[in-house]
file protein-v7.cif (mmCIF, C-alpha atoms)
data_structure
loop_
_atom_site.label_atom_id
_atom_site.label_comp_id
_atom_site.auth_asym_id
_atom_site.auth_seq_id
_atom_site.Cartn_x
_atom_site.Cartn_y
_atom_site.Cartn_z
CA MET X 801 189.49 167.09 170.08
CA LEU X 802 192.08 165.80 172.54
CA ALA X 803 194.74 165.08 169.89
CA ARG X 804 198.20 166.15 171.02
CA VAL X 805 199.76 169.01 169.10
CA SER X 806 203.50 168.30 168.87
CA SER X 807 204.78 171.77 168.00
CA ALA X 808 203.74 175.23 166.83
CA PRO X 809 206.98 176.98 165.85
CA ALA X 810 205.46 180.33 164.85
CA TYR X 811 203.93 180.95 168.29
CA LYS X 812 205.33 181.40 171.78
CA ARG X 813 205.16 178.17 173.83
CA LEU X 814 202.57 178.38 176.58
CA PRO X 815 201.02 175.70 178.81
CA ARG X 816 198.05 174.04 177.18
CA ALA X 817 195.61 175.29 179.82
CA VAL X 818 196.67 178.90 179.25
CA ARG X 819 196.33 178.51 175.47
CA GLU X 820 192.86 177.05 175.88
CA GLN X 821 191.73 179.94 178.04
CA GLN X 822 193.09 182.40 175.46
CA MET X 823 191.15 180.62 172.73
CA LEU X 824 187.98 180.59 174.78
CA ASP X 825 188.37 184.30 175.63
CA ALA X 826 188.74 185.06 171.92
CA ALA X 827 185.84 182.76 170.99
CA VAL X 828 183.46 184.30 173.55
CA LYS X 829 184.39 187.76 172.25
CA VAL X 830 183.90 186.85 168.57
CA PHE X 831 180.70 184.83 169.10
CA SER X 832 179.27 187.71 171.16
CA ARG X 833 180.17 190.23 168.47
CA ARG X 834 179.09 188.24 165.42
CA GLY X 835 176.65 185.57 166.58
CA PHE X 836 177.31 181.86 166.11
CA HIS X 837 176.67 181.65 162.38
CA ALA X 838 178.62 184.72 161.27
CA ALA X 839 181.59 184.07 163.59
CA SER X 840 184.63 182.71 161.72
CA MET X 841 187.33 180.42 163.05
CA ASP X 842 189.86 182.69 161.30
CA GLU X 843 188.84 185.68 163.39
CA ILE X 844 188.86 183.61 166.59
CA ALA X 845 192.35 182.28 165.83
CA ASP X 846 193.60 185.80 164.94
CA ASP X 847 192.14 187.27 168.11
CA ALA X 848 193.72 184.55 170.23
CA GLY X 849 197.08 184.93 168.43
CA ILE X 850 197.02 181.20 167.68
CA SER X 851 197.03 179.35 164.36
CA LYS X 852 193.68 178.09 163.12
CA PRO X 853 194.82 174.42 162.94
CA MET X 854 195.80 174.70 166.60
CA VAL X 855 192.34 175.99 167.53
CA TYR X 856 190.80 172.99 165.76
CA ALA X 857 193.31 170.61 167.35
CA TYR X 858 192.66 171.94 170.86
CA LEU X 859 188.96 172.63 170.87
CA GLY X 860 187.47 170.98 167.79
CA THR X 861 184.86 172.33 165.37
CA LYS X 862 183.09 175.68 165.63
CA GLU X 863 180.13 173.91 167.27
CA GLU X 864 182.38 172.22 169.83
CA LEU X 865 184.09 175.53 170.49
CA PHE X 866 180.72 177.20 171.08
CA VAL X 867 179.72 174.43 173.50
CA ALA X 868 183.08 174.87 175.28
CA CYS X 869 182.39 178.64 175.59
CA LEU X 870 178.92 177.98 176.99
CA HIS X 871 180.31 175.40 179.39
CA ARG X 872 183.03 177.72 180.71
CA GLU X 873 180.77 180.77 181.03
CA GLY X 874 177.99 178.68 182.54
CA THR X 875 180.33 177.10 185.07
CA ARG X 876 181.74 180.50 186.05
CA MET X 877 178.23 181.83 186.50
CA THR X 878 176.97 178.85 188.50
CA GLU X 879 180.03 179.00 190.75
CA ALA X 880 179.56 182.74 191.29
CA ILE X 881 175.96 182.11 192.35
CA ALA X 882 176.64 179.09 194.56
CA GLY X 883 179.67 180.82 196.12
CA ALA X 884 177.72 183.98 196.96
CA ALA X 885 175.03 182.12 198.94
CA ALA X 886 177.00 181.09 202.05
CA PRO X 887 175.07 178.36 203.95
CA ASP X 888 175.16 180.04 207.39
CA LEU X 889 173.06 183.05 206.34
CA PRO X 890 169.24 183.38 206.56
CA ALA X 891 167.40 182.03 203.52
CA ASP X 892 166.30 185.40 202.15
CA VAL X 893 169.83 186.82 202.40
CA ARG X 894 171.21 183.74 200.62
CA LEU X 895 168.65 184.07 197.85
CA TRP X 896 169.39 187.78 197.57
CA ARG X 897 173.15 187.16 197.31
CA GLY X 898 172.69 184.45 194.72
CA LEU X 899 170.42 186.69 192.66
CA ARG X 900 172.82 189.60 192.97
CA ALA X 901 175.70 187.41 191.78
CA PHE X 902 173.58 186.18 188.87
CA PHE X 903 172.39 189.59 187.68
CA SER X 904 175.85 191.12 188.18
CA PHE X 905 177.26 188.38 185.97
CA VAL X 906 174.66 189.01 183.28
CA GLY X 907 175.12 192.79 183.59
CA ALA X 908 178.88 192.43 183.09
CA HIS X 909 178.38 190.13 180.08
CA ARG X 910 175.30 191.59 178.39
CA ASP X 911 176.55 190.86 174.86
CA GLY X 912 177.63 187.37 175.79
CA TRP X 913 174.27 186.64 177.39
CA ALA X 914 172.35 187.89 174.39
CA VAL X 915 174.33 185.70 172.01
CA LEU X 916 175.54 182.68 173.95
CA TYR X 917 172.45 181.95 176.00
CA ARG X 918 169.78 182.95 173.52
CA GLN X 919 171.54 181.03 170.76
CA ALA X 920 171.92 178.05 173.06
CA ARG X 921 168.39 177.93 174.38
CA GLY X 922 166.59 176.28 171.54
CA SER X 923 169.04 174.71 169.15
CA GLN X 924 170.80 171.39 169.55
CA PRO X 925 173.50 170.56 170.56
CA PHE X 926 173.73 173.78 172.59
CA ALA X 927 170.40 173.34 174.35
CA GLY X 928 171.75 170.30 176.21
CA GLU X 929 174.59 172.28 177.73
CA LEU X 930 172.21 175.01 178.87
CA ALA X 931 169.68 172.50 180.23
CA ALA X 932 172.46 170.94 182.32
CA MET X 933 173.38 174.36 183.72
CA ARG X 934 169.74 175.12 184.50
CA ALA X 935 169.34 171.75 186.23
CA ARG X 936 172.39 172.54 188.36
CA LEU X 937 170.95 175.94 189.33
CA VAL X 938 167.58 174.37 190.17
CA GLU X 939 169.42 171.90 192.40
CA VAL X 940 171.30 174.73 194.16
CA VAL X 941 168.10 176.72 194.75
CA ALA X 942 166.02 173.68 195.81
CA GLY X 943 168.83 172.64 198.17
CA MET X 944 168.92 176.10 199.71
CA LEU X 945 165.15 176.22 200.25
CA GLY X 946 165.14 172.67 201.64
CA HIS X 947 167.92 173.59 204.04
CA ALA X 948 166.00 176.65 205.26
CA LEU X 949 162.85 174.56 205.76
CA ARG X 950 164.60 171.81 207.69
CA ALA X 951 166.19 174.49 209.91
CA GLU X 952 162.63 175.50 210.85
CA GLY X 953 161.72 171.87 211.47
CA ARG X 954 159.44 171.77 208.44
CA GLU X 955 159.41 169.22 205.64
CA VAL X 956 158.29 169.83 202.05
CA GLY X 957 158.21 167.23 199.26
CA GLU X 958 161.04 167.10 196.73
CA THR X 959 158.62 167.93 193.90
CA GLU X 960 157.34 171.05 195.67
CA LEU X 961 160.87 172.29 196.18
CA GLU X 962 161.82 171.48 192.61
CA VAL X 963 158.80 173.36 191.26
CA VAL X 964 159.53 176.48 193.34
CA ALA X 965 163.18 176.27 192.23
CA TYR X 966 162.18 175.97 188.55
CA ALA X 967 159.92 178.99 188.95
CA LEU X 968 162.70 181.04 190.56
CA VAL X 969 165.30 180.03 187.99
CA GLY X 970 162.89 180.66 185.10
CA ALA X 971 161.91 184.06 186.46
CA SER X 972 165.58 184.98 186.86
CA GLU X 973 166.42 183.83 183.34
CA SER X 974 163.57 185.90 181.95
CA LEU X 975 164.77 188.98 183.87
CA ALA X 976 168.32 188.33 182.66
CA ASP X 977 167.01 188.68 179.11
CA TRP X 978 165.29 191.89 180.10
CA LEU X 979 168.55 193.13 181.66
CA ALA X 980 170.57 192.21 178.56
CA ASP X 981 168.16 194.31 176.47
CA HIS X 982 168.27 197.31 178.86
CA PRO X 983 171.87 198.59 179.05
CA GLU X 984 170.71 201.40 181.33
CA ALA X 985 169.26 198.99 183.95
CA ASP X 986 171.28 198.33 187.11
CA PRO X 987 172.02 194.63 187.86
CA GLU X 988 171.77 195.06 191.64
CA LYS X 989 168.45 196.87 191.35
CA THR X 990 167.26 194.05 189.07
CA ALA X 991 168.21 191.56 191.79
CA THR X 992 166.21 193.57 194.35
CA ARG X 993 163.23 193.62 192.01
CA MET X 994 163.53 189.87 191.60
CA MET X 995 163.58 189.49 195.41
CA ASN X 996 160.41 191.55 195.65
CA ALA X 997 158.71 189.39 193.05
CA ALA X 998 160.08 186.10 194.36
CA TRP X 999 160.36 186.45 198.08
CA LEU X 1000 157.43 188.60 198.98
CA GLY X 1001 155.33 187.51 196.06
CA ALA X 1002 153.27 189.68 193.78
CA GLY X 1003 150.42 189.70 196.31
CA GLN X 1004 152.59 191.14 199.07
CA LEU X 1005 153.97 193.65 196.60
CA LEU X 1006 150.46 194.77 195.72
CA ARG X 1007 149.79 195.36 199.42
CA GLY X 1008 152.77 197.72 199.48
CA ALA X 1009 155.32 195.48 201.23
CA THR X 1010 158.93 195.91 200.17
CA TRP X 1011 161.94 193.73 200.81
CA ARG X 1012 165.21 195.60 201.23
CA PRO X 1013 168.73 194.21 200.95
CA PRO X 1014 170.63 193.99 204.27
CA HIS X 1015 173.34 196.59 204.90
CA ALA X 1016 176.63 195.21 203.63
CA MET Z 828 153.46 182.38 149.90
CA LEU Z 829 150.25 184.12 148.94
CA ALA Z 830 150.27 182.93 145.28
CA ARG Z 831 146.85 181.84 144.11
CA VAL Z 832 146.44 178.19 143.36
CA SER Z 833 144.08 177.90 140.43
CA SER Z 834 143.07 174.24 140.74
CA ALA Z 835 143.92 170.96 142.43
CA PRO Z 836 141.89 168.34 140.58
CA ALA Z 837 143.01 165.31 142.61
CA TYR Z 838 141.67 166.74 145.88
CA LYS Z 839 138.28 167.73 147.16
CA ARG Z 840 137.65 171.49 146.85
CA LEU Z 841 137.62 173.18 150.23
CA PRO Z 842 137.75 176.85 151.24
CA ARG Z 843 141.32 178.13 151.54
CA ALA Z 844 141.03 178.83 155.27
CA VAL Z 845 139.92 175.23 155.96
CA ARG Z 846 142.77 173.84 153.84
CA GLU Z 847 145.27 176.01 155.72
CA GLN Z 848 144.03 174.80 159.09
CA GLN Z 849 144.32 171.18 157.89
CA MET Z 850 147.89 171.81 156.79
CA LEU Z 851 148.76 173.48 160.07
CA ASP Z 852 147.17 170.62 162.05
CA ALA Z 853 149.25 168.14 160.07
CA ALA Z 854 152.40 170.26 160.38
CA VAL Z 855 152.06 170.65 164.17
CA LYS Z 856 151.58 166.88 164.46
CA VAL Z 857 154.58 166.02 162.26
CA PHE Z 858 156.91 168.64 163.77
CA SER Z 859 155.95 167.44 167.25
CA ARG Z 860 156.62 163.83 166.32
CA ARG Z 861 159.85 164.30 164.36
CA GLY Z 862 161.34 167.66 165.39
CA PHE Z 863 161.94 170.46 162.92
CA HIS Z 864 164.94 169.02 161.11
CA ALA Z 865 163.69 165.46 160.64
CA ALA Z 866 160.14 166.52 159.66
CA SER Z 867 159.50 166.15 155.91
CA MET Z 868 157.15 168.18 153.77
CA ASP Z 869 156.07 164.88 152.16
CA GLU Z 870 154.80 163.55 155.47
CA ILE Z 871 153.04 166.82 156.27
CA ALA Z 872 151.33 166.88 152.85
CA ASP Z 873 150.34 163.20 153.21
CA ASP Z 874 148.95 163.73 156.68
CA ALA Z 875 146.93 166.76 155.52
CA GLY Z 876 145.68 164.87 152.42
CA ILE Z 877 146.98 167.71 150.26
CA SER Z 878 149.59 167.71 147.50
CA LYS Z 879 153.07 168.89 148.44
CA PRO Z 880 153.10 171.72 145.83
CA MET Z 881 149.89 173.02 147.38
CA VAL Z 882 151.46 173.07 150.85
CA TYR Z 883 154.35 175.11 149.42
CA ALA Z 884 151.97 177.39 147.53
CA TYR Z 885 149.80 178.04 150.59
CA LEU Z 886 152.29 178.23 153.41
CA GLY Z 887 155.77 178.47 151.86
CA THR Z 888 158.98 176.72 152.88
CA LYS Z 889 159.38 174.35 155.82
CA GLU Z 890 160.75 177.24 157.89
CA GLU Z 891 157.77 179.44 157.03
CA LEU Z 892 155.44 176.57 157.83
CA PHE Z 893 157.10 176.12 161.22
CA VAL Z 894 156.74 179.83 161.95
CA ALA Z 895 153.07 179.61 160.92
CA CYS Z 896 152.60 176.69 163.37
CA LEU Z 897 154.25 178.63 166.17
CA HIS Z 898 152.17 181.68 165.36
CA ARG Z 899 148.87 179.77 165.40
CA GLU Z 900 149.65 177.78 168.54
CA GLY Z 901 151.05 180.86 170.27
CA THR Z 902 147.98 182.93 169.37
CA ARG Z 903 145.64 180.19 170.62
CA MET Z 904 147.57 179.99 173.86
CA THR Z 905 147.72 183.74 174.41
CA GLU Z 906 143.99 184.05 173.70
CA ALA Z 907 143.21 181.21 176.12
CA ILE Z 908 145.20 183.00 178.83
CA ALA Z 909 143.83 186.48 178.19
CA GLY Z 910 140.28 185.12 177.86
CA ALA Z 911 140.45 183.23 181.15
CA ALA Z 912 141.39 186.30 183.17
CA ALA Z 913 138.10 188.25 183.14
CA PRO Z 914 138.76 191.87 184.21
CA ASP Z 915 136.05 192.06 186.89
CA LEU Z 916 137.63 189.42 189.16
CA PRO Z 917 140.12 190.03 192.00
CA ALA Z 918 143.76 190.13 190.87
CA ASP Z 919 144.77 186.80 192.45
CA VAL Z 920 141.82 184.99 190.89
CA ARG Z 921 142.66 186.50 187.49
CA LEU Z 922 146.27 185.42 187.79
CA TRP Z 923 145.17 181.96 188.90
CA ARG Z 924 142.80 181.61 185.94
CA GLY Z 925 145.44 182.80 183.50
CA LEU Z 926 147.99 180.36 184.92
CA ARG Z 927 145.49 177.51 184.87
CA ALA Z 928 144.69 178.24 181.21
CA PHE Z 929 148.39 178.35 180.40
CA PHE Z 930 149.35 175.11 182.15
CA SER Z 931 146.25 173.33 180.84
CA PHE Z 932 147.28 174.33 177.33
CA VAL Z 933 150.81 173.05 177.85
CA GLY Z 934 149.51 169.88 179.52
CA ALA Z 935 147.25 169.18 176.54
CA HIS Z 936 150.09 169.83 174.07
CA ARG Z 937 153.13 168.39 175.87
CA ASP Z 938 154.76 167.09 172.70
CA GLY Z 939 154.09 170.30 170.83
CA TRP Z 940 155.53 172.36 173.65
CA ALA Z 941 158.67 170.26 173.83
CA VAL Z 942 159.31 170.60 170.10
CA LEU Z 943 157.74 173.85 168.97
CA TYR Z 944 158.71 176.09 171.86
CA ARG Z 945 162.09 174.62 172.71
CA GLN Z 946 163.06 174.58 169.05
CA ALA Z 947 161.85 178.15 168.69
CA ARG Z 948 163.49 179.59 171.75
CA GLY Z 949 167.03 180.03 170.57
CA SER Z 950 167.22 179.72 166.82
CA GLN Z 951 166.36 182.39 164.28
CA PRO Z 952 163.94 183.05 162.63
CA PHE Z 953 161.76 181.20 165.15
CA ALA Z 954 163.04 183.10 168.19
CA GLY Z 955 161.45 186.31 166.89
CA GLU Z 956 158.00 184.76 166.79
CA LEU Z 957 158.35 183.45 170.34
CA ALA Z 958 159.76 186.75 171.62
CA ALA Z 959 156.69 188.52 170.19
CA MET Z 960 154.40 186.06 171.99
CA ARG Z 961 156.30 186.53 175.24
CA ALA Z 962 156.11 190.31 174.90
CA ARG Z 963 152.35 190.02 174.42
CA LEU Z 964 152.02 187.87 177.56
CA VAL Z 965 154.18 190.31 179.55
CA GLU Z 966 151.87 193.10 178.40
CA VAL Z 967 148.77 191.13 179.49
CA VAL Z 968 150.25 190.36 182.92
CA ALA Z 969 151.63 193.88 183.48
CA GLY Z 970 148.27 195.33 182.42
CA MET Z 971 146.45 193.07 184.87
CA LEU Z 972 148.73 193.99 187.77
CA GLY Z 973 148.54 197.71 186.89
CA HIS Z 974 144.75 197.47 186.80
CA ALA Z 975 144.68 195.82 190.24
CA LEU Z 976 147.00 198.50 191.66
CA ARG Z 977 145.01 201.40 190.27
CA ALA Z 978 141.85 199.84 191.71
CA GLU Z 979 143.53 200.16 195.14
CA GLY Z 980 144.51 203.75 194.37
CA ARG Z 981 148.20 202.86 194.13
CA GLU Z 982 150.61 203.72 191.35
CA VAL Z 983 153.69 201.71 190.38
CA GLY Z 984 156.17 202.64 187.62
CA GLU Z 985 155.90 200.98 184.21
CA THR Z 986 159.35 199.43 184.65
CA GLU Z 987 158.42 197.85 188.00
CA LEU Z 988 155.31 196.31 186.48
CA GLU Z 989 157.22 195.12 183.43
CA VAL Z 990 159.88 193.49 185.61
CA VAL Z 991 157.33 191.65 187.77
CA ALA Z 992 155.53 190.55 184.60
CA TYR Z 993 158.78 189.28 183.04
CA ALA Z 994 159.50 187.33 186.22
CA LEU Z 995 156.01 185.77 186.22
CA VAL Z 996 156.11 184.89 182.54
CA GLY Z 997 159.64 183.49 182.84
CA ALA Z 998 158.73 181.42 185.89
CA SER Z 999 155.66 180.07 184.08
CA GLU Z 1000 157.67 179.21 180.97
CA SER Z 1001 160.21 177.36 183.08
CA LEU Z 1002 157.44 175.38 184.83
CA ALA Z 1003 155.87 174.64 181.46
CA ASP Z 1004 159.12 172.93 180.48
CA TRP Z 1005 159.02 171.00 183.72
CA LEU Z 1006 155.41 170.02 183.00
CA ALA Z 1007 156.25 168.92 179.45
CA ASP Z 1008 158.94 166.62 180.88
CA HIS Z 1009 156.64 165.17 183.58
CA PRO Z 1010 153.70 163.42 181.88
CA GLU Z 1011 152.41 162.32 185.30
CA ALA Z 1012 152.17 165.92 186.60
CA ASP Z 1013 148.76 167.58 186.73
CA PRO Z 1014 148.47 170.95 184.90
CA GLU Z 1015 145.99 172.41 187.41
CA LYS Z 1016 148.19 171.43 190.34
CA THR Z 1017 151.14 173.00 188.52
CA ALA Z 1018 149.14 176.23 188.23
CA THR Z 1019 148.43 176.13 191.98
CA ARG Z 1020 152.11 175.59 192.69
CA MET Z 1021 152.93 178.55 190.48
CA MET Z 1022 150.41 180.67 192.41
CA ASN Z 1023 152.07 179.68 195.65
CA ALA Z 1024 155.48 180.63 194.32
CA ALA Z 1025 154.31 183.79 192.56
CA TRP Z 1026 151.52 185.19 194.65
CA LEU Z 1027 152.55 184.37 198.16
CA GLY Z 1028 156.25 184.35 197.42
CA ALA Z 1029 158.81 181.85 198.55
CA GLY Z 1030 159.12 183.63 201.92
CA GLN Z 1031 155.43 183.28 202.68
CA LEU Z 1032 155.59 179.69 201.56
CA LEU Z 1033 158.42 179.01 203.98
CA ARG Z 1034 156.29 180.42 206.79
CA GLY Z 1035 153.66 177.83 205.93
CA ALA Z 1036 151.12 180.04 204.14
CA THR Z 1037 149.19 178.42 201.30
CA TRP Z 1038 147.07 179.96 198.57
CA ARG Z 1039 144.08 177.88 197.52
CA PRO Z 1040 142.07 178.19 194.34
CA PRO Z 1041 138.53 179.57 194.82
CA HIS Z 1042 135.66 177.06 194.64
CA ALA Z 1043 134.44 176.93 191.06
#

call {"tool": "encode", "arguments": {"input": "protein-v7.cif", "output": "structure tokens"}}
result
Amino acid sequence: MLARVSSAPAYKRLPRAVREQQMLDAAVKVFSRRGFHAASMDEIADDAGISKPMVYAYLGTKEELFVACLHREGTRMTEAIAGAAAPDLPADVRLWRGLRAFFSFVGAHRDGWAVLYRQARGSQPFAGELAAMRARLVEVVAGMLGHALRAEGREVGETELEVVAYALVGASESLADWLADHPEADPEKTATRMMNAAWLGAGQLLRGATWRPPHA
Amino acid sequence: MLARVSSAPAYKRLPRAVREQQMLDAAVKVFSRRGFHAASMDEIADDAGISKPMVYAYLGTKEELFVACLHREGTRMTEAIAGAAAPDLPADVRLWRGLRAFFSFVGAHRDGWAVLYRQARGSQPFAGELAAMRARLVEVVAGMLGHALRAEGREVGETELEVVAYALVGASESLADWLADHPEADPEKTATRMMNAAWLGAGQLLRGATWRPPHA
């Protein structure tokens, strides 16, 4: 997978990193359009304007390429979420921003979500990549809640925080699926709905309480 | 799959329904122990005390058998959840009972959950079976919340209810994974934690509020 490619005369010379991004862009597009099984390396190479042997040389087999797509998209998403939740804001605003970043990402990549993440969820070796991403998100959310608690001088066990974080991440993933299946649904409104369910709780919601996003 | 099997002289005659349950019991056990790919029809037939041709005749290919396992386990689980949440109880007690039934089921079938549900989540044709089960659970939860709201004379849109239900089901599924990976964790305590996250909301939790299960 890391073998050096000495030359590729038929194609314009570009830095390796740029080539790789082009291949991944093409691969995400083709996997999203066709699904993992029906996607062909020929179409990915064509779309990237790169020879098929070069795609194999740079990024390996179709499975490895799919894992690389998942890894890049997952990293982008996790960074968007972690970056949105600046540490100096109140906990609910941080959660809101993180959720908004998450649902905006899913809303902008509905097809990719439906294929990449659903495909990845159950089947090895993709499940491992997704589990790692989920673990990272759980860590971000648990860290954020722990930070907010310590700021109030309160202490909650690691397990309690982890469990709440798993619940939040799982609820968000489930709503992301819902969002991917509802092209008419608005990502920001979905984030607000998630805040209502997560922050106020269903019980508060039943009593008529509503959480509103702060004015930007 | 529904072909009649005229005779099986080497084995004791049993009603078809009993035979099928024996095969499914064996299949769930073997799939849980080996995973879908490594599981062999020979081992399943051996474990059920039934000839391999009869397993094929009754329940079809290995894929069809896996779907049949998922369907039976999923139906049992959904029925346990729906049955636990008697309609004449307050909404939070119903949710609590449903969650307790769910996490108790997962706790009693940790291996099965890890293999059957994780395997099923992403890969076709298993994903369809799991999606149907999830849709049924969302319907149960949304129906329960809608019922509680109407009892208070309030009306909430179908989409709002569906979104809250998706969030609850997704959060529970995520915690079920956590539970499957933590053999030392108590299912009932996990259900209480889920109530705290879902019913009171993370915000309420941060303010120190705690929901406690009613005395049985």

call {"tool": "residues_around", "arguments": {"input": "protein-v7.cif", "residues": "Asp888 (chain X)", "least_positions_apart": "3", "cutoff": "12 Å", "atoms": "only C-alpha atoms", "output": "MDAnalysis selection string"}}
result
chainID X and resid 884:885 891:894 944 947:948 951

call {"tool": "interface_residues", "arguments": {"input": "protein-v7.cif", "of": "chain X", "to": "chain Z", "cutoff": "7 Å", "atoms": "all atoms listed in the file", "output": "number ranges by chain"}}
result
X: 918-923, 949, 963-964, 966-968, 970-975, 997-1004, 1006

call {"tool": "atom_distance", "arguments": {"input": "protein-v7.cif", "atom1": "CA of Leu926 (chain Z)", "atom2": "CA of Ala941 (chain Z)"}}
result
18.4 Å

call {"tool": "closest_residue", "arguments": {"input": "protein-v7.cif", "among": "X:His837, X:Lys989, X:His909, X:Arg819", "to": "Met854 (chain X)", "atoms": "all atoms listed in the file"}}
result
X:Arg819

call {"tool": "residues_near_point", "arguments": {"input": "protein-v7.cif", "point": "(147.2, 171.9, 174.6)", "cutoff": "12 Å", "atoms": "all atoms listed in the file", "output": "JSON, numbers by chain"}}
result
{"Z": [855, 900, 901, 903, 904, 905, 907, 927, 928, 929, 930, 931, 932, 933, 934, 935, 936, 937, 938, 939, 940, 941, 1003, 1006, 1007, 1014]}

call {"tool": "residues_around", "arguments": {"input": "protein-v7.cif", "residues": "region 848-851 of chain Z", "least_positions_apart": "3", "cutoff": "7 Å", "atoms": "only C-alpha atoms", "output": "PyMOL selection string"}}
result
chain Z and resi 844-845+854-855+875+896

call {"tool": "write_last_selection", "arguments": {"input": "protein-v7.cif", "atoms": "C-alpha atoms", "output": "PDB file, in the coordinates of the input"}}
result
ATOM      1  CA  ALA Z 844     141.030 178.830 155.270  1.00  0.00           C
ATOM      2  CA  VAL Z 845     139.920 175.230 155.960  1.00  0.00           C
ATOM      3  CA  ALA Z 854     152.400 170.260 160.380  1.00  0.00           C
ATOM      4  CA  VAL Z 855     152.060 170.650 164.170  1.00  0.00           C
ATOM      5  CA  ALA Z 875     146.930 166.760 155.520  1.00  0.00           C
ATOM      6  CA  CYS Z 896     152.600 176.690 163.370  1.00  0.00           C
TER       7      CYS Z 896
END

call {"tool": "atom_distance", "arguments": {"input": "protein-v7.cif", "atom1": "CA of Leu897 (chain Z)", "atom2": "CA of Met960 (chain Z)"}}
result
9.4 Å

call {"tool": "resolve_selection", "arguments": {"input": "protein-v7.cif", "expression": "the PyMOL selection byres ((chain Z and resi 868) around 9)", "output": "list in words"}}
result
Ala854, Ala866, Ser867, Asp869, Glu870, Ile871, Ala872, Asp873, Lys879, Val882, Tyr883, Thr888 and Lys889 of chain Z

call {"tool": "atom_distance", "arguments": {"input": "protein-v7.cif", "atom1": "CA of Gly860 (chain X)", "atom2": "CA of Arg816 (chain X)"}}
result
14.5 Å
